[in-house]
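start-v6.txt follows (compact mmCIF, C-alpha atoms (C1' of nucleotides)):
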# COMPACT_ATOMS: atom_id res chain seq x y z
CA MET D 23 189.84 293.32 35.05
CA LYS D 24 188.51 292.63 31.58
CA ILE D 25 187.16 289.16 30.71
CA ALA D 26 185.64 288.07 27.40
CA THR D 27 184.09 284.97 25.86
CA TRP D 28 183.91 284.29 22.12
CA ASN D 29 182.79 281.29 20.10
CA ILE D 30 185.37 281.64 17.31
CA ASN D 31 184.19 278.85 14.94
CA SER D 32 187.70 277.66 13.98
CA VAL D 33 190.60 279.40 15.70
CA ARG D 34 193.08 278.55 12.94
CA LEU D 35 190.93 280.16 10.27
CA ARG D 36 190.37 283.27 12.38
CA GLN D 37 193.55 283.68 14.39
CA GLY D 38 194.14 287.00 12.60
CA LEU D 39 190.76 288.29 13.79
CA VAL D 40 191.56 287.17 17.33
CA LEU D 41 195.00 288.83 17.30
CA ASP D 42 193.54 292.11 16.01
CA TRP D 43 190.80 291.95 18.63
CA LEU D 44 193.28 291.24 21.47
CA ALA D 45 195.47 294.16 20.37
CA ARG D 46 192.46 296.47 20.27
CA GLU D 47 190.60 295.36 23.42
CA GLN D 48 193.51 294.31 25.66
CA PRO D 49 191.49 291.84 27.77
CA ASP D 50 193.06 290.05 30.73
CA VAL D 51 191.25 286.84 29.75
CA LEU D 52 189.64 285.57 26.53
CA MET D 53 187.68 282.30 26.61
CA LEU D 54 187.33 280.76 23.15
CA GLN D 55 184.90 278.03 22.09
CA GLU D 56 184.65 275.91 18.94
CA ILE D 57 188.36 276.15 18.28
CA LYS D 58 187.83 273.12 15.97
CA CYS D 59 191.32 271.72 16.24
CA GLU D 60 193.26 269.18 18.23
CA THR D 61 195.15 270.55 21.23
CA HIS D 62 198.58 270.26 19.59
CA LEU D 63 197.38 272.23 16.53
CA PHE D 64 196.28 275.27 18.57
CA PRO D 65 198.41 278.34 17.66
CA THR D 66 199.88 278.63 21.17
CA GLU D 67 203.07 280.45 20.09
CA VAL D 68 201.15 283.06 18.10
CA PHE D 69 199.16 284.09 21.18
CA GLU D 70 202.21 283.83 23.41
CA GLN D 71 203.90 286.44 21.23
CA ALA D 72 200.85 288.62 21.77
CA GLY D 73 201.35 288.28 25.53
CA TYR D 74 198.84 285.53 26.34
CA GLY D 75 199.32 282.07 27.77
CA SER D 76 196.77 279.45 26.82
CA ALA D 77 194.91 276.54 28.39
CA VAL D 78 193.68 274.36 25.54
CA VAL D 79 191.31 271.38 25.38
CA GLY D 80 190.84 270.43 21.75
CA GLN D 81 189.69 267.53 19.61
CA LYS D 82 189.46 266.73 15.91
CA SER D 83 186.91 268.61 13.77
CA TYR D 84 184.42 269.84 16.34
CA ASN D 85 184.10 271.53 19.69
CA GLY D 86 187.23 272.48 21.59
CA VAL D 87 187.78 275.28 24.12
CA ALA D 88 190.79 277.45 24.96
CA THR D 89 191.33 280.20 27.51
CA LEU D 90 193.90 282.91 26.81
CA VAL D 91 195.32 284.60 29.91
CA ARG D 92 197.64 287.52 30.45
CA GLY D 93 199.66 286.72 33.59
CA ASP D 94 199.97 283.69 35.83
CA PHE D 95 197.35 280.97 35.88
CA GLU D 96 196.86 277.36 36.91
CA VAL D 97 194.63 274.88 35.06
CA THR D 98 192.33 273.12 37.53
CA THR D 99 190.41 270.72 35.26
CA GLU D 100 190.07 269.84 31.56
CA LEU D 101 186.78 267.98 32.08
CA LEU D 102 183.57 269.12 33.70
CA PRO D 103 183.29 266.90 36.81
CA GLY D 104 180.22 264.69 36.55
CA PHE D 105 179.88 265.00 32.77
CA THR D 106 180.96 261.69 31.24
CA ASP D 107 180.81 262.53 27.51
CA PRO D 108 184.44 262.86 26.31
CA ALA D 109 183.82 265.85 23.97
CA ALA D 110 186.18 268.83 24.48
CA ARG D 111 183.73 271.29 26.03
CA TYR D 112 185.22 272.57 29.28
CA VAL D 113 188.43 274.01 30.64
CA GLU D 114 188.82 275.66 34.01
CA LEU D 115 191.68 277.63 35.49
CA ARG D 116 192.53 279.97 38.35
CA THR D 117 193.98 283.42 37.92
CA GLN D 118 193.86 286.68 39.89
CA GLY D 119 191.96 284.99 42.71
CA LEU D 120 189.16 283.72 40.45
CA ALA D 121 188.13 280.31 39.15
CA LEU D 122 187.24 280.72 35.47
CA GLY D 123 185.18 278.01 33.77
CA ASN D 124 185.13 278.16 29.96
CA LEU D 125 182.28 276.08 28.56
CA TYR D 126 180.70 275.02 25.30
CA LEU D 127 177.31 273.46 25.89
CA PRO D 128 175.95 270.83 23.49
CA ASN D 129 173.55 272.49 21.04
CA GLY D 130 170.97 269.76 21.62
CA ASN D 131 169.26 269.87 18.22
CA SER D 132 171.21 266.94 16.77
CA GLY D 133 171.38 263.37 17.99
CA ALA D 134 167.65 263.10 18.65
CA GLU D 135 166.51 262.58 22.26
CA GLN D 136 169.94 261.44 23.47
CA GLY D 137 171.49 264.57 21.98
CA TYR D 138 169.12 266.75 23.94
CA ALA D 139 169.57 264.66 27.09
CA THR D 140 173.33 265.26 26.86
CA LYS D 141 172.68 269.01 26.90
CA LEU D 142 170.67 268.70 30.11
CA GLU D 143 173.34 266.42 31.63
CA PHE D 144 175.98 269.07 30.95
CA LEU D 145 173.80 271.71 32.60
CA ALA D 146 173.22 269.51 35.65
CA ALA D 147 176.97 268.92 35.99
CA LEU D 148 177.67 272.64 35.57
CA THR D 149 175.12 273.45 38.26
CA ALA D 150 176.81 270.98 40.60
CA ARG D 151 180.18 272.58 39.80
CA ALA D 152 178.80 276.03 40.69
CA GLN D 153 177.33 274.67 43.93
CA SER D 154 180.69 273.16 44.82
CA PHE D 155 182.42 276.53 44.30
CA LEU D 156 179.82 278.23 46.50
CA ASP D 157 180.32 275.59 49.20
CA GLN D 158 184.07 276.26 49.10
CA ASP D 159 183.51 280.05 49.14
CA THR D 160 185.43 280.32 45.85
CA ASP D 161 184.92 283.40 43.66
CA PHE D 162 184.15 282.27 40.11
CA VAL D 163 183.01 283.06 36.59
CA LEU D 164 181.28 280.56 34.28
CA ALA D 165 181.37 281.83 30.71
CA GLY D 166 180.92 280.54 27.21
CA ASP D 167 178.46 279.39 24.60
CA TYR D 168 175.50 278.11 26.62
CA ASN D 169 173.35 277.46 23.53
CA ILE D 170 170.35 278.78 25.50
CA CYS D 171 168.19 281.86 24.96
CA PRO D 172 167.10 282.47 28.57
CA THR D 173 163.97 284.48 27.72
CA PRO D 174 161.95 285.36 24.60
CA GLU D 175 163.78 288.71 24.42
CA ASP D 176 166.97 286.77 23.77
CA CYS D 177 165.66 285.39 20.47
CA ALA D 178 164.69 287.55 17.47
CA PRO D 179 161.01 287.04 16.56
CA GLY D 180 160.65 283.96 14.38
CA ALA D 181 164.37 283.10 14.48
CA LEU D 182 163.70 279.73 16.13
CA GLY D 183 160.75 277.36 16.39
CA PRO D 184 159.23 276.61 19.80
CA ASP D 185 160.76 273.09 19.88
CA ASP D 186 164.29 274.27 19.23
CA ALA D 187 166.69 273.03 21.91
CA LEU D 188 167.89 276.62 22.49
CA VAL D 189 164.47 277.79 23.71
CA ARG D 190 162.71 274.66 25.05
CA PRO D 191 161.16 275.11 28.48
CA GLN D 192 163.45 272.43 29.93
CA SER D 193 166.52 274.30 28.65
CA ARG D 194 165.30 277.56 30.18
CA ALA D 195 164.38 275.84 33.44
CA ALA D 196 167.87 274.35 33.69
CA TRP D 197 169.35 277.82 33.08
CA ARG D 198 167.22 279.26 35.87
CA ARG D 199 168.22 276.45 38.25
CA LEU D 200 171.84 277.41 37.63
CA CYS D 201 171.24 281.16 38.04
CA TRP D 202 169.09 280.73 41.11
CA LEU D 203 172.01 279.27 43.04
CA GLY D 204 172.79 282.96 43.43
CA LEU D 205 174.65 283.74 40.22
CA THR D 206 174.45 286.96 38.22
CA ASP D 207 173.96 287.09 34.44
CA ALA D 208 176.46 289.91 33.81
CA LEU D 209 174.75 291.27 30.70
CA ARG D 210 171.24 291.31 32.14
CA ALA D 211 172.33 292.75 35.48
CA LEU D 212 173.35 295.94 33.66
CA HIS D 213 170.93 295.80 30.70
CA PRO D 214 167.75 294.17 32.05
CA THR D 215 165.69 294.49 28.86
CA GLY D 216 166.12 294.72 25.12
CA ALA D 217 168.02 292.72 22.53
CA ALA D 218 171.67 292.02 23.27
CA TYR D 219 172.44 289.36 20.69
CA THR D 220 175.73 287.50 20.54
CA PHE D 221 175.00 285.23 17.54
CA TRP D 222 173.58 285.62 14.05
CA ASP D 223 173.24 282.58 11.79
CA TYR D 224 175.16 282.60 8.51
CA GLN D 225 171.92 281.60 6.76
CA ALA D 226 168.88 283.48 5.55
CA GLY D 227 170.38 286.95 5.94
CA ALA D 228 170.23 286.70 9.72
CA TRP D 229 172.89 289.41 10.23
CA PRO D 230 171.49 292.12 7.88
CA ARG D 231 168.01 291.43 9.27
CA ASP D 232 169.32 291.43 12.87
CA ASN D 233 167.75 288.01 13.43
CA GLY D 234 170.09 287.27 16.31
CA LEU D 235 170.18 285.26 19.51
CA ARG D 236 171.68 285.87 22.93
CA ILE D 237 173.26 282.50 23.69
CA ASP D 238 176.73 283.43 24.97
CA HIS D 239 176.71 284.31 28.64
CA MET D 240 178.88 285.13 31.62
CA LEU D 241 177.65 284.13 35.07
CA LEU D 242 179.28 285.65 38.15
CA SER D 243 179.41 284.40 41.72
CA PRO D 244 178.10 286.85 44.36
CA ARG D 245 181.32 288.65 45.34
CA VAL D 246 182.39 288.91 41.70
CA ALA D 247 178.99 290.38 40.84
CA GLU D 248 179.67 293.16 43.36
CA ARG D 249 182.62 294.17 41.16
CA LEU D 250 180.64 294.24 37.87
CA GLN D 251 181.22 297.44 35.89
CA THR D 252 180.30 296.86 32.23
CA ALA D 253 178.99 294.10 29.97
CA ARG D 254 178.45 294.25 26.22
CA PRO D 255 178.45 292.09 23.11
CA ASP D 256 180.99 293.41 20.59
CA ARG D 257 178.61 293.57 17.61
CA ASP D 258 181.25 295.12 15.35
CA GLU D 259 183.00 291.74 15.04
CA ARG D 260 180.03 290.29 13.13
CA GLY D 261 180.58 292.80 10.34
CA MET D 262 184.23 291.81 9.77
CA GLU D 263 185.53 289.90 6.75
CA ARG D 264 184.79 286.15 7.15
CA PRO D 265 183.55 286.53 10.74
CA SER D 266 182.55 283.93 13.26
CA ASP D 267 178.77 283.62 13.61
CA HIS D 268 179.26 284.67 17.28
CA VAL D 269 180.70 287.94 18.64
CA PRO D 270 182.72 288.47 21.85
CA LEU D 271 180.87 289.21 25.08
CA ILE D 272 183.03 291.60 27.10
CA VAL D 273 182.72 292.09 30.87
CA THR D 274 184.77 294.41 33.06
CA LEU D 275 185.19 294.03 36.81
CA ASP D 276 186.42 296.52 39.36
CA SER D 277 189.85 295.24 40.33
CA SER D 278 190.14 297.27 43.49
CA ALA D 279 187.42 295.34 45.33
CA PRO D 280 188.40 294.02 48.75
CA THR D 281 189.79 290.50 48.73
CA PRO D 282 188.33 287.96 51.18
CA ALA D 283 190.17 287.57 54.48
C1' DA M 23 164.15 280.33 -0.42
C1' DT M 24 167.32 274.80 4.81
C1' DG M 25 169.32 281.09 1.44
C1' DT M 26 176.02 279.42 5.11
C1' DC M 27 180.06 277.91 6.86
C1' DT M 28 183.71 274.61 8.65
C1' DG M 29 186.64 270.48 8.77
C1' DA M 30 187.09 265.56 7.29
C1' DA M 31 187.96 262.36 3.92
C1' DG M 32 190.73 262.17 0.06
C1' DC M 33 191.62 264.59 -4.54
C1' DA M 34 186.09 266.30 -6.55
C1' DT M 35 182.75 266.39 -4.15
C1' DT M 36 180.00 264.90 -0.37
C1' DC M 37 178.97 264.77 4.51
C1' DA M 38 177.87 266.11 9.47
C1' DG M 39 177.20 269.57 12.69
C1' DA M 40 175.92 273.98 13.93

Let me see whether you can do it: turn the structure in this file into structure tokens.
Amino acid sequence: MKIATWNINSVRLRQGLVLDWLAREQPDVLMLQEIKCETHLFPTEVFEQAGYGSAVVGQKSYNGVATLVRGDFEVTTELLPGFTDPAARYVELRTQGLALGNLYLPNGNSGAEQGYATKLEFLAALTARAQSFLDQDTDFVLAGDYNICPTPEDCAPGALGPDDALVRPQSRAAWRRLCWLGLTDALRALHPTGAAYTFWDYQAGAWPRDNGLRIDHMLLSPRVAERLQTARPDRDERGMERPSDHVPLIVTLDSSAPTPA
DNA sequence: ATGTCTGAAGCATTCAGA
């Protein structure tokens, strides 16, 4: 089973890139963030013709998430339980025996102290969601744009100041609280050290200088982690014509793992 | 070198957010 997450930075502007990527990579699931359109303006039919159904939670201008799925699925929630802000930042569905949460965390650098507090509130609600899945013995994946560099290795030297919301100690502590429920960071489980960036700013020549960040992540529940085969950012996408500032993170799971009784 | 990009409001050019 092949699952990917990609902050697309306007799905309408880049639907051609997404279609080409789907045709090439043939994932079972693609979780998109920053679709930047209202739900009814999402190009549902275009992806349907490519063989993918979609679960879309959009809004005007900003944010917005959508999960593309090949095969049957059931949407379980379009809001992160416990997170009261109405922004379109979460969609969750079930397919192939897995709960798949697609998330777009608040960046936290705008909106002053309240803006940053909202980021921590989202993380607390996400942690509670993960705990609830564990309590129910549900296999799950939580993937998307976390807007957090978990360790210094996940941020190119000098790319961000020490007070940036992506690297603040409180952000990293909240990330660890989530992981330490017993979740596996798919990329780091297979590639424990070294740069594995998923984002390069459009500004200041970040891409040619490789001043990247690892801020897109896929967390796996324990039984799903047992099935982990590969994880990699698809760096080639950043070199395309008019690319998103993020690239897809691709994870493959062994599909022949035993199913729970 | 805060050096780019997107969508909105509204019709040229700013503005916010990332």

task = Would you mind listing what lies within 9 Å of D:Leu148 as a list in words, with all atoms listed in the file counted and same-chain residues fewer than 2 positions away left out?
result = Leu102, Pro103, Gly104, Phe105, Glu143, Phe144, Leu145, Ala146, Ala150, Arg151, Ala152, Gln153, Leu164 and Leu200 of chain D

For the selection just defined, write its residues with C-alpha atoms to a file, as a PDB file, in the frame of the given file.
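Printed below is part.pdb as written:
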ATOM      1  CA  LEU D 102     183.570 269.120  33.700  1.00  0.00           C
ATOM      2  CA  PRO D 103     183.290 266.900  36.810  1.00  0.00           C
ATOM      3  CA  GLY D 104     180.220 264.690  36.550  1.00  0.00           C
ATOM      4  CA  PHE D 105     179.880 265.000  32.770  1.00  0.00           C
ATOM      5  CA  GLU D 143     173.340 266.420  31.630  1.00  0.00           C
ATOM      6  CA  PHE D 144     175.980 269.070  30.950  1.00  0.00           C
ATOM      7  CA  LEU D 145     173.800 271.710  32.600  1.00  0.00           C
ATOM      8  CA  ALA D 146     173.220 269.510  35.650  1.00  0.00           C
ATOM      9  CA  ALA D 150     176.810 270.980  40.600  1.00  0.00           C
ATOM     10  CA  ARG D 151     180.180 272.580  39.800  1.00  0.00           C
ATOM     11  CA  ALA D 152     178.800 276.030  40.690  1.00  0.00           C
ATOM     12  CA  GLN D 153     177.330 274.670  43.930  1.00  0.00           C
ATOM     13  CA  LEU D 164     181.280 280.560  34.280  1.00  0.00           C
ATOM     14  CA  LEU D 200     171.840 277.410  37.630  1.00  0.00           C
TER      15      LEU D 200
END

Go through chain M and flag each residue having an atom no more than 9 Å from chain D; for those, report the closest pair of atoms plus their distance in Å to one decimal, using all atoms listed in the file, ordered by chain and rising number, as CSV.
residue,atom,partner,partner_atom,distance
M:DA23,C1',D:Ala226,CA,8.2
M:DT24,C1',D:Gln225,CA,8.4
M:DG25,C1',D:Ala226,CA,4.8
M:DT26,C1',D:Tyr224,CA,4.7
M:DC27,C1',D:Tyr224,CA,7.0
M:DT28,C1',D:Ser32,CA,7.3
M:DG29,C1',D:Ser83,CA,5.3
M:DA30,C1',D:Ser83,CA,7.2
M:DG39,C1',D:Ser132,CA,7.7
M:DA40,C1',D:Asn129,CA,7.6

Put a box with edges along x, y and z around all the listed atoms of stretch 27-35 of chain M, pad it by 3 Å on each side, then give me its centre and sizes in Å, one decimal, as AutoDock Vina command-line options.
--center_x 185.8 --center_y 270.0 --center_z 1.1 --size_x 17.6 --size_y 21.7 --size_z 21.3

inquiry  = Report, in Å with one decimal, the straight-line distance from atom CA of D:Gly123 to atom CA of D:Ile25.
reply    =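 Atom CA of D:Ile25 lies 11.7 Å from atom CA of D:Gly123.
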
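For the atom pair formed by atom CA of D:Ala208 and atom CA of D:Phe162, the distance is 12.5 Å, given to one decimal.
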